[in-house]
Each structure stands twice: as structure tokens, then as C-alpha cells.
Amino acid sequence: MGVRAQKETRCLTTHPRPIPVGRVEFFQGTLATTTEFESARVFDTTLRDGEQAPRTSFSYDEKRAIAATLDEMGTHVIEAGFPVNSDAEFEAVSDVAASTSTTTCGLARVVEKDVEAAIDSGVEMVHTFASTSDVQIEDSMHATREEVVERSVEAVERVVESGATAMFSPMDATRTDTDYLIEVVEAVTEAGVDWINIPDTCGVATPSRFAELVATVRDHTDARIDVHTHDDFGMASANAIAGFEAGADQAQVSVNGIGERAGNAAYEEVVMAVESIYGVETDIDTTYIADLAQAVEEYSDVPVPANKPVVGDNAFAHESGIHAAGVIENSDTFEPGCMTPEMVGAEREFVLGKHTGTHSVRKRLEERDFAPTDSEVREVTRRVKDFGAEKNRVTAADLERFAREVGVAHEDADGEPETEVKA
Ligand code: MN
């Protein structure tokens with residue numbers, strides 16, 4: 001694990017992938033609900049918005065390695081960067097465009113030099129954006145509503161003329177006057193835009209309100225709809241899913257959810273929700289997710305919290321007695337069932353501690369060739385719980401020590417019973 005980027009590396013993972021476990025079909029309740037959408041495309045912006053996370057900068061080799069893995073997995077679009085930013089950025093974007101088979105996208109303001117740099121970088125898609133909320137038009141772009149429409153149309157026309165796929169974002173759409181937003185959407189549609197991305201730039205959307213906005217934009221364009229959501233209130237992935245439900249064709253995501261401020265909708269959350277909860281095939285190989293998340297954590301220097309969905313250390317870990325006992329018997333009891341650690345290239349873990357029950361202790365002892373009686377399991381469990389309650393981490397060595405203290409029988413490699421075991 002933790003494979004470092006190398007120039008020759010095609011992608012981050014070199015070991016053989018496990019075979020994905022099929023989706024479980026027998027659940028009732030909300031999982032029995034009919035699918036609300038038929039398809040979902042994934043636009044990854046780890047290398048663009050993700051890299052804009054405070055204190056984050058990817059090296060050229062790291063960008064290459066992340067892009068190669070996203071490409072290998074079957075990600076539909078990779079936003080590789082902002083070509084006008086610097087010569088190094090231009091080279092990195094060009095390189096990703098040339099070395100991947102998926103669609104590569106480059107970002108550009110509605111400024112001529114930005115658009116030309118993006119076109120020259122060789123990307124198949126150019127993503128132009130302009131602020132449409134009054135606060136950003138006045139205090140970020142220092143322009144007027146009329147100028148924004150005019151410059152947006154010019155930028156889209158230039159991209160269309162170049163032959164690249166044209167995406168346009170009315171930045172800060174969720175804080176934009178609706179009538180003006182519609183005016184901009186209709187103007188760029190007239191200019192031939194292929195995709196309209198609806199950005200919740202400052203993360204103020206909620207799922208039902210965002211769905212309404214997506215439906216409104218759809219009513220005023222024949223372009224395909226993409227959504228870009230931020231996690232300021234913890235709803236980025238939920239809003240992306242609401243976008244799909246409201247008819248968006250694609251969502252923008254980043255690995256581990258890294259990005260500006262609290263970050264973007266997380267790649268792993270959106271892809272797994274679409275695949276597992278909605279049963280919609282993205283054709284993305286999700287078994288790379290754990291390794292990709294670990295690499296992006298290392299390269300970005302943004303730590304993944306233990307309780308992060310899908311990729312956190314606790315995402316498939318169990319400690320409490322009732323849950324662990326259930327999962328040992330059938331993992332569907334206290335896991336989603338429609339999502340397993342195997343599906344994302346992770347492993348299930350039974351953690352020993354204050355909340356541990358006898359089932360986990362017996363399982364862990366037997367895995368280490370101990371043959372405990374019921375009363376010995378109870379005694380070892382008591383020691384594990386007491387030790388864990390003092391805020392200690394209970395390691396395998398601790399467990400073996402407790403087993404020896406209690407006098408649990410152990411079989412060595414030859415199958416001969418043995419009572420003394422080295423830690
Ligand atoms: Mn953003």
C-alpha cells in the first residue's frame with residue numbers, strides 16, 4: 001500500500017484486484033425503491049478543485065499517477081487543471097490529456113488568454129466559468145451582469161469553434177437571481193454550449209432546493225447538465241445525488257472530497273451511492289477506491305478522518321459486541337449489505353476494546369490458533385474490555401498476552417498442543 005508515483009507508473013495499483021462482489025438484491029425498505037435515474041456520469045476534479053484545497057499542491061508525477069488511476073478505473077471526465085495558471089500547470093494538463101484515454105478537461109475564466117491556453121493544452125473539453133451572483137460579479141469579477149453575459153457567450157463560441165467540447169459554469173448559481181441565471185443559461189445555450197454545470201460554489205444548497213434548481217435550468221437549455229457541489233454544511237454528496245434525481249447527467253467530485261474550504265462531493269461517496277443504493281452502473285471499477293484514497297491522502301496532505309464514509313479507517317470496522325457478533329455471522333446484519341469492503345478494495349476489521357463481546361474475542365483467538373473454552377473466552381473478554389476502558393488500544397500482542405495469562409491452549413504449526421506462546 002502507499003505506492004508512490006513514478007514516471008513509468010501506469011496507475012497507482014499494481015497488485016491484482018479482487019473480483020467485485022455483486023449487489024445484494026434481497027433487501028426490503030428503501031433499498032427496494034425503484035431506481036430514480038438510469039445513468040450517472042462522473043467528472044473528477046481532484047486535480048483542479050481538489051488541488052485548490054488550502055495547503056495542497058500535487059507534483060507532476062503525483063498528478064500523472066492520480067490521472068492514470070482515474071483513467072484506468074473508467075472515470076468519465078478528468079479535470080486536469082487550470083492551464084493558464086503556469087507553464088508547469090499547462091505541461092501537466094497537456095500530459096494528462098495525451099496519456100489518458102478518457103476525456104480530459106481544462107478550466108478557463110471567460111478571458112481570451114485562459115480559453116486559448118486551455119484549447120492549446122490539447123484537452124478534449126474546455127470548462128469556462130463566470131460569476132453570476134451579484135456579490136461575485138461586483139466584488140470578485142468587478143464587472144456588470146451585461147458584461148458577464150457577453151464574455152460568457154464569446155468564450156463558449158470560441159471553444160465551440162475550436163472543436164473541443166464546451167462546458168460552461170454560472171459560478172455561484174445557488175446564490176444567483178433566478179431570472180438572471182436563466183438569461184445566462186439561454187445565452188450560452190444559443191452559443192452552442194454542450195454542457196451546463198450548475199455550481200453550488202459556496203455550499204449553501206440542500207437536496208430538495210438543489211433538485212428544484214437543476215429542474216429549472218433543464219427547462220431552459222438543451223445542453224446536458226452537470227452539477228458541482230461543496231461540503232460547507234456536509235451536504236455535497238447528498239446534493240450531487242439530488243442533482244442526478246432531478247435529471248443531471250453528471251456530477252463533479254473529488255477523491256476524499258478534498259477541495260476549496262470543506263471540500264467537494266466525494267468521489268467514493270457519490271460513486272458508491274449511485275452503484276449500491278440506486279443500482280445504477282457507472283462502469284467505474286470501484287475496487288481501486290481504497291488505494292486511490294490512500295494515495296490522494298498522502299499526496300494532498302489532507303488526512304482522511306477515521307469516520308469518513310467508504311474510505312475512513314472505521315468505515316468497515318466493528319467493535320461493539322452486538323454488531324461484531326452479527327457481522328461475524330453475516331456481514332449484511334450491520335453493514336449496508338449493498339456495499340461491502342471488497343467492492344471498494346478495503347478490508348473488514350474487528351477491533352478489540354471497551355465495547356468488545358465474546359464473539360469477536362473467540363474469533364480472534366481461533367485465528368491465532370488458540371482453542372479456548374467458553375469460560376476462558378469470557379475471562380479474556382473481561383481483560384480486553386478493562387484494558388480498552390483505560391483508553392488503551394488493544395493489539396494482537398495484548399490479546400495473546402491475556403490468553404497466556406488465562407492459560408488458553410494453543411496449537412503450534414505442527415498441530416501439537418502448546419501452552420507457552422511467544423508474543
Ligand atoms: Mn468548486
# chains A, B, ... in the order shown; residues from 1 in each chain; ligands from 1

$ residues_near_ligand --ligand "ligand 1" --cutoff "10 Å" --atoms "only C-alpha atoms and all ligand atoms" --output "ChimeraX atom specification"
/A:45,48-50,52-53,171-172,199-203,228-231,252-253,259-261,263-265

$ select_by_dssp --residues "range 90-150 of chain A" --states "helix (DSSP H, G or I)" --output "ChimeraX atom specification"
/A:90-99,112-120,134-141,145-150

$ closest_atom_pairs --of "range 299-371 of chain A" --to "range 270-294 of chain A" --cutoff "9 Å" --atoms "only C-alpha atoms" --output "JSON lines"
{"residue": "A:Tyr299", "atom": "CA", "partner": "A:Gln294", "partner_atom": "CA", "distance": 8.7}
{"residue": "A:Val304", "atom": "CA", "partner": "A:Ala293", "partner_atom": "CA", "distance": 8.4}
{"residue": "A:Val310", "atom": "CA", "partner": "A:Met272", "partner_atom": "CA", "distance": 8.1}
{"residue": "A:Val311", "atom": "CA", "partner": "A:Ala290", "partner_atom": "CA", "distance": 6.0}
{"residue": "A:Pro336", "atom": "CA", "partner": "A:Ser276", "partner_atom": "CA", "distance": 8.9}
{"residue": "A:Gly337", "atom": "CA", "partner": "A:Ser276", "partner_atom": "CA", "distance": 8.9}
{"residue": "A:Cys338", "atom": "CA", "partner": "A:Ser276", "partner_atom": "CA", "distance": 5.2}
{"residue": "A:Met339", "atom": "CA", "partner": "A:Ser276", "partner_atom": "CA", "distance": 5.9}
{"residue": "A:Pro341", "atom": "CA", "partner": "A:Thr287", "partner_atom": "CA", "distance": 8.9}
{"residue": "A:Glu342", "atom": "CA", "partner": "A:Thr287", "partner_atom": "CA", "distance": 7.0}
{"residue": "A:Met343", "atom": "CA", "partner": "A:Thr287", "partner_atom": "CA", "distance": 5.4}
{"residue": "A:Val344", "atom": "CA", "partner": "A:Thr287", "partner_atom": "CA", "distance": 4.3}
{"residue": "A:Gly345", "atom": "CA", "partner": "A:Thr287", "partner_atom": "CA", "distance": 4.4}
{"residue": "A:Ala346", "atom": "CA", "partner": "A:Ala290", "partner_atom": "CA", "distance": 5.7}

$ write_last_selection --atoms "C-alpha atoms" --output "CSV table (one decimal), in the first residue's frame"
chain,number,residue,atom,x,y,z
A,299,TYR,CA,-0.1,13.5,-1.9
A,304,VAL,CA,-8.8,11.2,6.0
A,310,VAL,CA,-16.2,4.5,2.4
A,311,VAL,CA,-12.5,5.3,2.9
A,336,PRO,CA,-25.2,-1.6,4.3
A,337,GLY,CA,-25.2,-5.0,2.6
A,338,CYS,CA,-25.4,-3.3,-0.8
A,339,MET,CA,-21.8,-2.1,-0.2
A,341,PRO,CA,-15.3,-3.6,1.8
A,342,GLU,CA,-14.4,-5.9,-1.1
A,343,MET,CA,-16.3,-3.6,-3.5
A,344,VAL,CA,-14.0,-0.7,-2.7
A,345,GLY,CA,-10.8,-2.7,-2.2
A,346,ALA,CA,-10.9,-2.4,1.5

$ select_by_dssp --residues "range 165-398 of chain A" --states "strand (DSSP E)" --output "PyMOL selection string"
chain A and resi 165-171+195-200+224-229+250-253+317-318+349-350+370-371

$ residues_around --residues "range 113-115 of chain A" --least-positions-apart "5" --cutoff "12 Å" --atoms "only C-alpha atoms" --output "ChimeraX atom specification"
/A:81-86,90,105-108,120-123,125-129,151-152,154-162,164,166-168

$ atom_distance --atom1 "CA of Asp249 in chain A" --atom2 "CA of Glu38 in chain A"
9.4 Å
